[in-house]
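Asks: Just so it is clear, I am handing over query-v8.txt, which has compact mmCIF, C-alpha atoms and all ligand atoms.
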# COMPACT_ATOMS: atom_id res chain seq x y z
CA MET E 1 34.08 4.83 3.07
CA ILE E 2 31.00 2.65 3.58
CA ASN E 3 30.59 -0.19 1.10
CA ILE E 4 27.15 -1.10 -0.17
CA ALA E 5 25.78 -4.00 -2.20
CA LEU E 6 22.67 -3.79 -4.33
CA LEU E 7 20.50 -6.87 -4.87
CA GLY E 8 18.62 -6.52 -8.16
CA TYR E 9 19.35 -4.30 -11.17
CA GLY E 10 15.79 -3.97 -12.45
CA THR E 11 13.70 -0.80 -12.53
CA VAL E 12 14.22 0.23 -8.90
CA GLY E 13 17.81 -1.11 -8.79
CA SER E 14 18.87 0.98 -11.78
CA GLY E 15 17.07 3.91 -10.12
CA VAL E 16 19.17 3.41 -6.98
CA VAL E 17 22.37 3.55 -9.08
CA GLU E 18 21.10 6.70 -10.81
CA VAL E 19 20.18 8.43 -7.53
CA LEU E 20 23.55 7.53 -5.95
CA LYS E 21 25.33 8.97 -9.00
CA THR E 22 23.18 12.08 -9.52
CA ASN E 23 23.28 13.22 -5.88
CA GLN E 24 26.58 11.64 -4.89
CA VAL E 25 28.08 14.75 -3.26
CA SER E 26 25.08 15.74 -1.18
CA ILE E 27 24.27 12.12 -0.24
CA ASN E 28 27.80 11.60 1.09
CA LYS E 29 27.60 14.88 3.04
CA LYS E 30 24.29 13.82 4.59
CA ALA E 31 25.59 10.32 5.37
CA GLY E 32 28.73 11.79 6.94
CA ASP E 33 30.84 9.37 4.89
CA GLU E 34 31.32 8.22 1.31
CA LEU E 35 28.80 5.58 0.19
CA ASN E 36 30.51 3.26 -2.27
CA LEU E 37 28.49 0.81 -4.36
CA LYS E 38 30.78 -2.24 -4.45
CA TYR E 39 28.56 -4.99 -5.88
CA VAL E 40 25.34 -5.38 -7.84
CA LEU E 41 23.75 -8.83 -7.72
CA ASP E 42 21.76 -9.84 -10.77
CA LEU E 43 21.28 -13.02 -12.78
CA ARG E 44 21.94 -11.08 -15.97
CA ASP E 45 25.01 -9.41 -17.45
CA PHE E 46 24.92 -5.82 -18.75
CA PRO E 47 27.63 -5.57 -21.40
CA GLY E 48 28.38 -1.95 -22.31
CA ASP E 49 26.81 -0.64 -19.08
CA PRO E 50 29.39 0.73 -16.58
CA ILE E 51 27.55 -1.29 -13.92
CA GLN E 52 28.94 -4.50 -15.46
CA GLU E 53 32.19 -4.22 -13.50
CA LYS E 54 30.22 -4.40 -10.24
CA ILE E 55 27.92 -7.26 -11.30
CA VAL E 56 28.16 -10.52 -9.35
CA HIS E 57 25.97 -13.58 -9.83
CA ASP E 58 26.81 -15.31 -6.56
CA TYR E 59 25.29 -13.90 -3.36
CA GLU E 60 27.97 -15.62 -1.27
CA VAL E 61 30.48 -13.03 -2.55
CA ILE E 62 28.40 -10.26 -0.99
CA VAL E 63 27.24 -11.86 2.21
CA ASN E 64 30.74 -13.09 3.09
CA ASP E 65 32.51 -9.81 2.32
CA PRO E 66 33.23 -8.09 5.67
CA GLU E 67 33.66 -4.76 3.85
CA ILE E 68 29.95 -4.67 2.94
CA LYS E 69 28.08 -2.82 5.68
CA ILE E 70 24.76 -2.12 3.92
CA VAL E 71 22.74 -4.32 1.58
CA ILE E 72 19.99 -2.76 -0.55
CA GLU E 73 17.39 -5.35 -1.60
CA VAL E 74 15.13 -4.37 -4.50
CA MET E 75 14.49 -7.77 -6.09
CA GLY E 76 10.87 -8.06 -4.94
CA GLY E 77 9.00 -11.24 -3.97
CA VAL E 78 9.47 -13.25 -0.79
CA GLU E 79 12.13 -15.68 -2.02
CA PRO E 80 15.06 -15.58 -2.43
CA ALA E 81 14.84 -12.06 -0.94
CA TYR E 82 13.96 -13.38 2.54
CA THR E 83 16.88 -15.83 2.64
CA PHE E 84 19.33 -13.20 1.35
CA VAL E 85 18.13 -10.46 3.73
CA LYS E 86 18.17 -12.75 6.74
CA GLN E 87 21.70 -13.94 5.94
CA ALA E 88 22.87 -10.34 5.51
CA LEU E 89 21.43 -9.31 8.88
CA MET E 90 22.84 -12.41 10.59
CA ASN E 91 26.24 -11.43 9.18
CA GLY E 92 25.94 -7.94 10.70
CA LYS E 93 24.98 -6.01 7.56
CA SER E 94 22.15 -3.46 7.69
CA VAL E 95 19.47 -3.97 5.06
CA CYS E 96 17.29 -1.42 3.21
CA THR E 97 14.45 -2.78 1.10
CA SER E 98 11.55 -1.68 -1.09
CA ASN E 99 10.01 -5.17 -0.92
CA LYS E 100 6.49 -4.96 0.56
CA GLU E 101 5.83 -8.72 0.24
CA LEU E 102 8.97 -9.42 2.29
CA VAL E 103 8.24 -6.74 4.91
CA ALA E 104 4.55 -7.65 5.32
CA LYS E 105 5.41 -11.33 5.82
CA HIS E 106 8.70 -11.24 7.73
CA GLY E 107 9.08 -7.63 8.96
CA ALA E 108 8.78 -8.41 12.69
CA GLU E 109 11.34 -11.23 12.54
CA LEU E 110 13.85 -9.25 10.44
CA LEU E 111 13.52 -6.23 12.75
CA GLN E 112 14.21 -8.48 15.73
CA ILE E 113 17.39 -9.86 14.13
CA ALA E 114 18.54 -6.32 13.33
CA LYS E 115 17.91 -5.34 16.96
CA GLU E 116 19.88 -8.31 18.29
CA LYS E 117 22.79 -7.49 15.96
CA ASN E 118 22.63 -3.76 16.75
CA ILE E 119 22.16 -2.88 13.09
CA ASN E 120 19.12 -1.80 11.03
CA PHE E 121 16.40 -3.20 8.81
CA LEU E 122 14.81 -0.25 6.99
CA PHE E 123 11.89 -0.33 4.55
CA GLU E 124 10.69 3.22 3.79
CA ALA E 125 10.16 2.41 0.09
CA SER E 126 7.90 -0.58 0.77
CA VAL E 127 4.85 1.67 1.27
CA GLY E 128 4.01 4.81 -0.66
CA GLY E 129 7.14 4.74 -2.89
CA GLY E 130 8.89 8.07 -2.37
CA ILE E 131 6.48 9.36 0.30
CA PRO E 132 8.02 9.39 3.76
CA ILE E 133 5.59 7.43 5.93
CA ILE E 134 7.50 4.61 7.66
CA ARG E 135 10.02 6.98 9.26
CA PRO E 136 7.32 9.48 10.33
CA LEU E 137 5.32 6.65 11.92
CA ASN E 138 8.40 5.28 13.62
CA SER E 139 10.21 8.47 14.58
CA SER E 140 7.94 11.52 14.32
CA LEU E 141 4.49 10.48 15.50
CA THR E 142 5.84 8.80 18.60
CA ALA E 143 3.95 11.07 21.04
CA ASP E 144 0.66 9.81 19.66
CA GLU E 145 -1.51 6.75 19.85
CA ILE E 146 -2.46 6.29 16.20
CA ASP E 147 -6.09 5.27 15.91
CA GLU E 148 -6.55 5.49 12.14
CA ILE E 149 -4.53 5.13 8.98
CA THR E 150 -6.34 5.40 5.67
CA GLY E 151 -4.46 5.54 2.42
CA ILE E 152 -4.55 5.51 -1.33
CA LEU E 153 -1.62 3.12 -1.49
CA ASN E 154 -1.69 1.90 -5.07
CA GLY E 155 -0.85 4.15 -7.99
CA THR E 156 -2.12 1.80 -10.70
CA THR E 157 -5.66 1.61 -9.36
CA ASN E 158 -5.76 5.31 -8.53
CA TYR E 159 -4.77 6.07 -12.12
CA ILE E 160 -7.48 3.73 -13.45
CA LEU E 161 -10.22 5.17 -11.22
CA SER E 162 -9.16 8.77 -11.98
CA LYS E 163 -9.17 8.15 -15.73
CA MET E 164 -12.53 6.35 -15.58
CA ALA E 165 -13.94 9.40 -13.76
CA ASP E 166 -12.33 11.97 -16.05
CA GLU E 167 -13.26 10.33 -19.33
CA GLY E 168 -16.36 8.26 -18.49
CA LEU E 169 -14.61 5.10 -19.69
CA ASP E 170 -15.10 1.54 -18.46
CA PHE E 171 -12.59 -0.44 -16.40
CA ASP E 172 -11.30 -2.72 -19.20
CA THR E 173 -10.61 0.16 -21.60
CA VAL E 174 -8.70 2.14 -18.98
CA LEU E 175 -6.76 -0.91 -17.76
CA LYS E 176 -5.55 -1.46 -21.32
CA ASP E 177 -4.50 2.19 -21.58
CA ALA E 178 -2.68 1.93 -18.23
CA GLN E 179 -0.84 -1.18 -19.42
CA GLU E 180 0.20 0.60 -22.64
CA LYS E 181 1.51 3.57 -20.62
CA GLY E 182 3.42 1.29 -18.21
CA TYR E 183 1.22 2.23 -15.23
CA ALA E 184 -0.15 -1.32 -14.96
CA GLU E 185 1.62 -4.66 -15.19
CA ARG E 186 0.83 -7.12 -17.96
CA ASN E 187 -0.58 -9.28 -15.16
CA PRO E 188 -2.41 -6.56 -13.19
CA GLU E 189 -3.99 -8.86 -10.59
CA ALA E 190 -1.93 -7.76 -7.56
CA ASP E 191 -2.90 -4.14 -8.15
CA VAL E 192 -6.50 -4.33 -9.38
CA GLU E 193 -7.56 -7.00 -6.88
CA GLY E 194 -6.19 -4.89 -4.00
CA TYR E 195 -3.48 -7.38 -2.90
CA ASP E 196 -0.69 -4.77 -3.21
CA ALA E 197 -2.59 -2.22 -1.11
CA CYS E 198 -3.41 -4.98 1.38
CA ARG E 199 0.25 -5.75 2.04
CA LYS E 200 1.01 -2.05 2.41
CA ILE E 201 -1.77 -1.40 4.93
CA ALA E 202 -0.65 -4.53 6.83
CA ILE E 203 2.83 -2.95 7.18
CA LEU E 204 1.45 0.45 8.23
CA SER E 205 -0.99 -1.14 10.70
CA SER E 206 1.75 -3.29 12.26
CA LEU E 207 3.85 -0.16 12.80
CA ALA E 208 0.98 2.03 13.98
CA PHE E 209 -0.36 -0.52 16.46
CA GLY E 210 3.00 -2.11 17.33
CA GLN E 211 1.92 -5.69 16.67
CA GLN E 212 1.97 -8.06 13.71
CA VAL E 213 -1.02 -7.55 11.43
CA ASP E 214 -1.24 -10.51 9.03
CA TYR E 215 -2.25 -9.40 5.55
CA GLU E 216 -4.21 -12.63 5.13
CA ASP E 217 -6.60 -11.38 7.85
CA ILE E 218 -7.44 -8.13 6.04
CA TYR E 219 -10.72 -8.05 4.14
CA THR E 220 -9.73 -7.10 0.58
CA GLU E 221 -11.81 -6.08 -2.44
CA GLY E 222 -10.34 -4.74 -5.66
CA ILE E 223 -11.72 -2.38 -8.29
CA THR E 224 -12.58 -4.84 -11.10
CA LYS E 225 -16.33 -4.53 -10.46
CA ILE E 226 -16.35 -0.73 -10.61
CA SER E 227 -18.16 0.42 -13.74
CA ALA E 228 -18.61 3.68 -15.63
CA GLU E 229 -22.19 3.72 -14.24
CA ASP E 230 -20.92 3.53 -10.63
CA ILE E 231 -18.78 6.55 -11.36
CA ARG E 232 -21.74 8.45 -12.84
CA TYR E 233 -23.61 7.90 -9.57
CA ALA E 234 -20.56 8.97 -7.55
CA LYS E 235 -20.34 12.20 -9.55
CA LYS E 236 -24.04 12.83 -9.11
CA MET E 237 -23.46 12.56 -5.36
CA GLY E 238 -20.40 14.87 -5.49
CA ARG E 239 -18.17 11.95 -4.56
CA ALA E 240 -15.16 10.11 -6.01
CA ILE E 241 -14.51 6.37 -5.95
CA LYS E 242 -11.11 5.55 -4.44
CA LEU E 243 -9.47 2.27 -3.47
CA LEU E 244 -8.95 2.92 0.24
CA ALA E 245 -6.74 0.80 2.45
CA SER E 246 -7.73 1.50 5.99
CA SER E 247 -7.12 0.38 9.53
CA LYS E 248 -8.88 1.79 12.55
CA LYS E 249 -8.96 1.31 16.27
CA VAL E 250 -12.52 1.66 17.56
CA ASP E 251 -12.71 1.36 21.37
CA ASN E 252 -10.54 -1.72 21.87
CA SER E 253 -11.23 -3.33 18.49
CA PHE E 254 -9.06 -3.11 15.38
CA TYR E 255 -10.55 -3.17 11.90
CA ALA E 256 -8.67 -3.28 8.60
CA MET E 257 -10.03 -3.29 5.08
CA VAL E 258 -9.11 -2.64 1.46
CA ALA E 259 -12.09 -1.74 -0.74
CA PRO E 260 -13.34 0.81 -3.25
CA VAL E 261 -15.13 3.58 -1.37
CA MET E 262 -17.22 6.57 -2.47
CA VAL E 263 -15.50 9.43 -0.67
CA ALA E 264 -17.14 12.80 -0.08
CA SER E 265 -15.60 15.94 -1.59
CA THR E 266 -14.71 17.06 1.95
CA HIS E 267 -12.64 13.90 2.56
CA PRO E 268 -8.85 14.57 2.60
CA LEU E 269 -8.25 11.80 0.02
CA TYR E 270 -10.92 13.01 -2.45
CA SER E 271 -8.48 15.10 -4.52
CA VAL E 272 -5.67 12.54 -4.70
CA ASN E 273 -5.70 11.61 -8.38
CA ASN E 274 -3.82 9.74 -11.09
CA VAL E 275 -0.77 7.75 -9.97
CA PHE E 276 -0.35 9.73 -6.75
CA ASN E 277 -0.63 8.11 -3.33
CA ALA E 278 -1.58 9.68 -0.03
CA ILE E 279 -1.77 8.48 3.53
CA PHE E 280 -4.03 10.05 6.10
CA ALA E 281 -3.46 9.30 9.77
CA HIS E 282 -5.16 10.33 12.99
CA GLY E 283 -3.35 10.53 16.32
CA ASN E 284 -5.05 10.95 19.68
CA VAL E 285 -3.10 14.10 20.51
CA LEU E 286 -2.00 15.36 17.08
CA GLY E 287 -5.33 14.98 15.30
CA ASP E 288 -5.17 14.69 11.50
CA VAL E 289 -2.02 14.46 9.39
CA MET E 290 -1.58 13.60 5.72
CA PHE E 291 1.33 12.57 3.48
CA TYR E 292 1.09 12.96 -0.29
CA GLY E 293 3.35 12.24 -3.25
CA SER E 294 4.71 9.81 -5.81
CA GLY E 295 3.81 6.35 -4.57
CA ALA E 296 5.58 4.33 -7.23
CA GLY E 297 8.08 4.54 -10.06
CA LYS E 298 11.80 4.10 -10.48
CA LEU E 299 13.22 7.33 -9.05
CA PRO E 300 10.69 8.08 -6.27
CA THR E 301 11.11 4.53 -4.94
CA ALA E 302 14.90 4.69 -5.34
CA SER E 303 14.91 8.03 -3.49
CA ALA E 304 13.34 6.35 -0.44
CA VAL E 305 15.69 3.35 -0.61
CA VAL E 306 18.79 5.55 -0.81
CA ALA E 307 17.49 7.72 2.06
CA ASP E 308 17.32 4.50 4.10
CA ALA E 309 20.92 3.71 3.11
CA VAL E 310 21.94 7.16 4.36
CA ASP E 311 20.13 6.48 7.64
CA ALA E 312 21.79 3.07 7.92
CA ALA E 313 25.19 4.73 7.31
CA LYS E 314 24.48 7.23 10.09
CA HIS E 315 23.55 4.40 12.47
CA LEU E 316 26.11 1.73 11.55
CA ASP E 317 26.39 0.25 15.02
CA GLN E 318 23.19 1.55 16.51
CA ASN E 319 19.78 -0.01 16.15
CA ILE E 320 16.96 2.47 15.48
CA VAL E 321 14.17 1.21 17.72
CA THR E 322 11.12 0.12 15.75
CA PHE E 323 7.95 -0.82 17.61
CA TRP E 324 6.61 -3.92 15.79
CA SER E 325 6.18 -7.00 17.94
CA SER E 326 5.73 -10.42 16.36
CA ASN E 327 2.68 -10.96 18.64
CA LYS E 328 -0.24 -11.18 16.29
CA LEU E 329 -2.88 -8.46 16.47
CA GLU E 330 -6.32 -10.05 16.24
CA LEU E 331 -8.43 -7.99 13.87
CA SER E 332 -12.15 -7.73 14.58
CA ASP E 333 -14.56 -9.20 12.07
CA ILE E 334 -15.59 -6.43 9.68
CA LYS E 335 -19.22 -7.55 10.05
CA ASN E 336 -19.36 -5.19 13.04
CA SER E 337 -17.86 -2.19 11.23
CA LYS E 338 -20.33 0.52 10.29
CA LYS E 339 -20.80 2.52 7.10
CA ARG E 340 -23.42 3.84 4.71
CA PHE E 341 -23.74 1.85 1.50
CA PHE E 342 -24.56 2.93 -2.04
CA VAL E 343 -26.55 0.27 -3.89
CA ARG E 344 -27.60 -0.18 -7.53
CA ILE E 345 -30.46 -2.53 -8.30
CA HIS E 346 -32.26 -3.59 -11.47
CA ASP E 347 -35.56 -1.72 -11.61
CA ASP E 348 -38.99 -3.25 -12.08
CA GLU E 349 -42.43 -2.45 -10.66
CA VAL E 350 -41.93 -4.14 -7.30
CA LYS E 351 -38.32 -3.14 -6.64
CA ALA E 352 -38.95 0.22 -4.98
CA GLU E 353 -41.31 -1.48 -2.51
CA GLU E 354 -38.86 -4.32 -1.85
CA VAL E 355 -36.06 -1.84 -1.21
CA GLU E 356 -38.22 0.22 1.16
CA LYS E 357 -39.33 -2.89 3.03
CA ALA E 358 -35.79 -4.24 3.46
CA PHE E 359 -33.88 -1.01 4.10
CA GLU E 360 -36.68 1.20 5.55
CA TYR E 361 -34.87 4.51 5.10
CA VAL E 362 -32.97 5.13 1.86
CA GLU E 363 -31.94 8.17 -0.14
CA LEU E 364 -32.68 7.66 -3.84
CA ILE E 365 -30.02 8.81 -6.33
CA ASP E 366 -31.01 9.58 -9.91
CA ALA E 367 -28.01 9.57 -12.23
CA GLY E 368 -30.22 9.33 -15.33
CA ILE E 369 -29.48 5.63 -15.90
CA VAL E 370 -32.57 3.79 -17.12
CA GLY E 371 -33.60 0.34 -15.90
CA GLU E 372 -32.13 0.62 -12.43
CA ILE E 373 -32.50 2.31 -9.05
CA GLY E 374 -29.59 3.77 -7.11
CA PHE E 375 -29.87 4.50 -3.41
CA VAL E 376 -27.85 5.16 -0.27
CA THR E 377 -28.64 3.39 2.99
CA GLU E 378 -28.44 4.79 6.48
CA VAL E 379 -25.44 3.80 8.63
CA LEU E 380 -25.40 0.00 8.95
CA THR E 381 -22.98 -2.62 10.13
CA GLU E 382 -21.63 -4.90 7.39
CA ALA E 383 -23.73 -7.71 8.88
CA GLU E 384 -26.93 -5.62 8.90
CA PHE E 385 -26.31 -4.56 5.31
CA ALA E 386 -25.69 -8.15 4.15
CA ALA E 387 -28.94 -9.32 5.83
CA LYS E 388 -30.99 -6.54 4.21
CA ALA E 389 -29.32 -7.01 0.80
CA GLU E 390 -30.36 -10.66 0.88
CA GLN E 391 -34.00 -9.61 0.97
CA VAL E 392 -33.87 -7.83 -2.39
CA GLU E 393 -33.10 -9.46 -5.69
CA GLY E 394 -31.23 -7.92 -8.58
CA ILE E 395 -28.45 -5.96 -6.83
CA ILE E 396 -25.98 -4.88 -9.52
CA ASN E 397 -23.27 -3.53 -7.24
CA TYR E 398 -22.78 -1.88 -3.89
CA ILE E 399 -20.04 0.48 -2.70
CA ARG E 400 -19.27 1.73 0.80
CA LEU E 401 -19.39 5.46 1.61
CA GLU E 402 -16.93 7.52 3.66
CA ASP E 403 -17.49 11.16 4.64
N1 LIG M 501 2.06 -1.35 -8.52
C1 LIG M 501 2.36 -0.55 -7.38
C2 LIG M 501 1.49 0.70 -7.43
C3 LIG M 501 3.81 -0.22 -7.37
O1 LIG M 501 0.85 0.94 -8.45
O2 LIG M 501 1.39 1.43 -6.46
C4 LIG M 501 4.32 0.36 -6.09
O3 LIG M 501 4.25 -0.54 -5.03
Using structure tokens, write down the structure that the file contains.
Replies:
Amino acid sequence: MINIALLGYGTVGSGVVEVLKTNQVSINKKAGDELNLKYVLDLRDFPGDPIQEKIVHDYEVIVNDPEIKIVIEVMGGVEPAYTFVKQALMNGKSVCTSNKELVAKHGAELLQIAKEKNINFLFEASVGGGIPIIRPLNSSLTADEIDEITGILNGTTNYILSKMADEGLDFDTVLKDAQEKGYAERNPEADVEGYDACRKIAILSSLAFGQQVDYEDIYTEGITKISAEDIRYAKKMGRAIKLLASSKKVDNSFYAMVAPVMVASTHPLYSVNNVFNAIFAHGNVLGDVMFYGSGAGKLPTASAVVADAVDAAKHLDQNIVTFWSSNKLELSDIKNSKKRFFVRIHDDEVKAEEVEKAFEYVELIDAGIVGEIGFVTEVLTEAEFAAKAEQVEGIINYIRLED
């Protein structure tokens, strides 16, 4: 029997208990041993819930119990999760977590401790919820040099953008609907400003490139400025607006960015809608590969966490090598990265001339919206675009294009 402790009995924590119970027999078969949930750490009590008999309020009970071999951390946030996880690893307990803030900030250090202790720090659920992506990057795509990862990594924003496109509604109306349906938090900032996707692409980039990518270095734009009009233009162009989190290796430079992008209908992420996530990767020998599924939610996330616990049980005294050095990867300034840009500008008599003078070649887009001009530029670096955009007044919004 392998004893487990669960830190946090919130949405994902209760999902973990449910998954362990629902699939107990097959999980134990796959783990090669019985997984026994011995403790659940939470500040609260749950009278009437069978979990109450496992509830402890003091972490010392867990971290000092030599019977506990695996700790599942699903509390979220950096502290006290970091302190608890580090103590668990130092005491020889493998840790499985869904906590992207923790992994993005301290992943390299926690992996190093796990390596030194010959145990495991596993974090499949921290990116893409139930979609297997960490293990494939770490164990399956090992013959490749990964030169691109682009993902729709946030279910909330993908739901909002999909609903805006389907129903022609504006951002605020759809955000409210998403909050009512439980797809968006009451404080939606981390999702709609792109911070959540930023931490997730930092984790994927660190794994893909084998070095620490600091999320603070990643250029991040959210979706709050996307309007119903932007979506009308996108439709006119046969495109969809998606919040893409992307990192690419171009020659010997690494670029990473989170931003809303108008993707062409031929793009593999074009059809990923509603709360679904998908991650597209390109390897130098494999070519393209894509992972799609439920990127959030109680049971999909719990499924990934429990799968990590099974893996930890199968490798109790054996570290699974993970290639993520704490040496910082210097990202290149995005001013050198190249794209086409879609631009909307208030129309008046001189605007068309101004636009032509500044941008030389543009493709005009008529989405039937009066009082403005919409156009697409040729391929420009971010710096070239910014310099040209400065020469014209009245820009309403601009969105990058990806084919
Ligand atoms: N708010 C996140 C999302 C939850 O919508 O994807 C999963 O990390």
Asks: With only C-alpha atoms and all ligand atoms as the basis for distance, which of E:Ala307, E:Val376, E:Ala190, E:Ile119 is at the shortest distance from ligand LIG 501 (chain M)?
Replies: E:Ala190
Asks: Tell me which of E:Tyr183, E:Tyr270, E:Phe280, E:Tyr9 sits closest to Ile201 of chain E, counting only C-alpha atoms.
Replies: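 Among E:Tyr183, E:Tyr270, E:Phe280, E:Tyr9, it is E:Phe280 that comes nearest to Ile201 of chain E.
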Asks: Please find the residues contacting ligand LIG 501 (chain M) at a distance of at most 9 Å between atoms, with all atoms listed in the file counted, and report them as a PyMOL selection string.
Replies: chain E and resi 98-100+125-129+152-159+183-185+188+190-191+196-197+200+275-277+295-297+301
Asks: Pick out the closest residue to Ala278 of chain E from this set: E:Lys242, E:Lys29, E:Lys69, E:Arg44. Count all atoms listed in the file.
Replies: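 Nearest candidate to Ala278 of chain E out of E:Lys242, E:Lys29, E:Lys69, E:Arg44: E:Lys242.
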Asks: Taking only C-alpha atoms into account, which of E:Ile345, E:Cys96, E:Leu110, E:Ile399 comes nearest Trp324 of chain E?
Replies: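 Among the listed residues, E:Leu110 lies closest to Trp324 of chain E.
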Asks: Neighbouring residues of Gly394 of chain E were defined as those with any atom within 10 Å, considering only C-alpha atoms; residues of the same chain fewer than 6 positions away were excluded. Please report them as a list in words.
Replies: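 After dropping sequence-adjacent residues, the list is Arg344, Ile345, His346, Asp347, Asp348, Lys351 and Glu372 of chain E.
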Asks: Separation of atom CA of Leu401 of chain E and atom CA of Glu193 of chain E, in Å?
Replies: 19.2 Å
Asks: Give me, as JSON lines, the closest atom pair and its distance (Å, one decimal) for every residue of segment 249-331 of chain E within a cut-off of 12 Å of segment 74-82 of chain E, counting only C-alpha atoms, rows sorted by chain and rising number.
Replies:
{"residue": "E:Lys298", "atom": "CA", "partner": "E:Val74", "partner_atom": "CA", "distance": 10.9}
{"residue": "E:Thr301", "atom": "CA", "partner": "E:Val74", "partner_atom": "CA", "distance": 9.8}
{"residue": "E:Ala302", "atom": "CA", "partner": "E:Val74", "partner_atom": "CA", "distance": 9.1}
{"residue": "E:Ala304", "atom": "CA", "partner": "E:Val74", "partner_atom": "CA", "distance": 11.6}
{"residue": "E:Val305", "atom": "CA", "partner": "E:Val74", "partner_atom": "CA", "distance": 8.7}
{"residue": "E:Val306", "atom": "CA", "partner": "E:Val74", "partner_atom": "CA", "distance": 11.2}
Asks: Give me the residues within 9 Å of Asp58 of chain E as a short mmCIF file (atom, residue, chain, number, x, y, z; two decimals) with C-alpha atoms, in the coordinates of the input, counting only C-alpha atoms and dropping any in the same chain fewer than 2 places off.
Replies:
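Once written, result_28.cif looks like this:
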data_model
loop_
_atom_site.label_atom_id
_atom_site.label_comp_id
_atom_site.auth_asym_id
_atom_site.auth_seq_id
_atom_site.Cartn_x
_atom_site.Cartn_y
_atom_site.Cartn_z
CA LEU E 41 23.75 -8.83 -7.72
CA ASP E 42 21.76 -9.84 -10.77
CA LEU E 43 21.28 -13.02 -12.78
CA VAL E 56 28.16 -10.52 -9.35
CA GLU E 60 27.97 -15.62 -1.27
CA VAL E 61 30.48 -13.03 -2.55
CA ILE E 62 28.40 -10.26 -0.99
#
Asks: Just the residues within 7 Å of Ser325 of chain E, please, counting only C-alpha atoms, with nothing from its chain fewer than 3 positions along; format it as a ChimeraX atom specification.
Replies: /E:108,210-212
Asks: For the selection you just gave me, I'd like the residues written to a file as an mmCIF file, in the coordinates of the input, keeping C-alpha atoms.
Replies:
data_model
loop_
_atom_site.group_PDB
_atom_site.id
_atom_site.type_symbol
_atom_site.label_atom_id
_atom_site.label_comp_id
_atom_site.auth_asym_id
_atom_site.auth_seq_id
_atom_site.Cartn_x
_atom_site.Cartn_y
_atom_site.Cartn_z
ATOM 1 C CA ALA E 108 8.780 -8.410 12.690
ATOM 2 C CA GLY E 210 3.000 -2.110 17.330
ATOM 3 C CA GLN E 211 1.920 -5.690 16.670
ATOM 4 C CA GLN E 212 1.970 -8.060 13.710
#
Asks: Looking at all atoms listed in the file, which of E:Gly374, E:Pro260, E:Gly283, E:Gly194 is the one that sits closest to Ser140 of chain E?
Replies: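 With all atoms listed in the file as the atom set, the closest residue is E:Gly283.
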Asks: Please, what distance in Å, to one decimal, runs between atom CA of Glu402 of chain E and atom CA of His267 of chain E?
Replies: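 If I compute the distance from atom CA of Glu402 of chain E to atom CA of His267 of chain E, I get 7.8 Å.
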Asks: How big is the axis-aligned box, and where does its centre sit, when it encloses all atoms of segment 81-94 of chain E listed in the file and has 8 Å added on every side, reported in Å to one decimal as lines of an AutoDock Vina configuration file?
Replies:
center_x = 20.1
center_y = -9.6
center_z = 4.9
size_x = 28.3
size_y = 28.4
size_z = 27.6
Asks: Taking (-21.5, 6.0, 12.6) in the file's coordinates as the center, which residues reach within 7 Å of it, counting only C-alpha atoms, put as a list in words?
Replies: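 Here the neighbourhood of the point contains Lys338, Lys339 and Val379 of chain E.
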Asks: If you measure from atom CA of Ser26 of chain E to atom CA of Leu299 of chain E, what distance in Å do you get, rounded to one decimal?
Replies: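 Taking atom CA of Ser26 of chain E and atom CA of Leu299 of chain E, their separation equals 16.5 Å.
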Asks: Got a sec: who's within 9 Å of segment 203-208 of chain E, counting only C-alpha atoms, leaving out chain neighbours fewer than 3 positions off, as a PyMOL selection string?
Replies: chain E and resi 100+103-105+107-108+126-127+133-134+137-138+145-149+198-200+211-215+246-248+256+322-325+329
Asks: Create the file for the chosen residues now, containing C-alpha atoms and written as a CSV table (one decimal), in the coordinates of the input.
Replies:
chain,number,residue,atom,x,y,z
E,100,LYS,CA,6.5,-5.0,0.6
E,103,VAL,CA,8.2,-6.7,4.9
E,104,ALA,CA,4.6,-7.6,5.3
E,105,LYS,CA,5.4,-11.3,5.8
E,107,GLY,CA,9.1,-7.6,9.0
E,108,ALA,CA,8.8,-8.4,12.7
E,126,SER,CA,7.9,-0.6,0.8
E,127,VAL,CA,4.8,1.7,1.3
E,133,ILE,CA,5.6,7.4,5.9
E,134,ILE,CA,7.5,4.6,7.7
E,137,LEU,CA,5.3,6.6,11.9
E,138,ASN,CA,8.4,5.3,13.6
E,145,GLU,CA,-1.5,6.8,19.8
E,146,ILE,CA,-2.5,6.3,16.2
E,147,ASP,CA,-6.1,5.3,15.9
E,148,GLU,CA,-6.6,5.5,12.1
E,149,ILE,CA,-4.5,5.1,9.0
E,198,CYS,CA,-3.4,-5.0,1.4
E,199,ARG,CA,0.2,-5.8,2.0
E,200,LYS,CA,1.0,-2.0,2.4
E,211,GLN,CA,1.9,-5.7,16.7
E,212,GLN,CA,2.0,-8.1,13.7
E,213,VAL,CA,-1.0,-7.6,11.4
E,214,ASP,CA,-1.2,-10.5,9.0
E,215,TYR,CA,-2.2,-9.4,5.6
E,246,SER,CA,-7.7,1.5,6.0
E,247,SER,CA,-7.1,0.4,9.5
E,248,LYS,CA,-8.9,1.8,12.6
E,256,ALA,CA,-8.7,-3.3,8.6
E,322,THR,CA,11.1,0.1,15.8
E,323,PHE,CA,8.0,-0.8,17.6
E,324,TRP,CA,6.6,-3.9,15.8
E,325,SER,CA,6.2,-7.0,17.9
E,329,LEU,CA,-2.9,-8.5,16.5
Asks: Using only C-alpha atoms, find the one residue out of E:Gly287, E:Gly168, E:Gly48, E:Gly182 that sits nearest to Tyr233 of chain E.
Replies: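 Selected residue with least distance to Tyr233 of chain E: E:Gly168.
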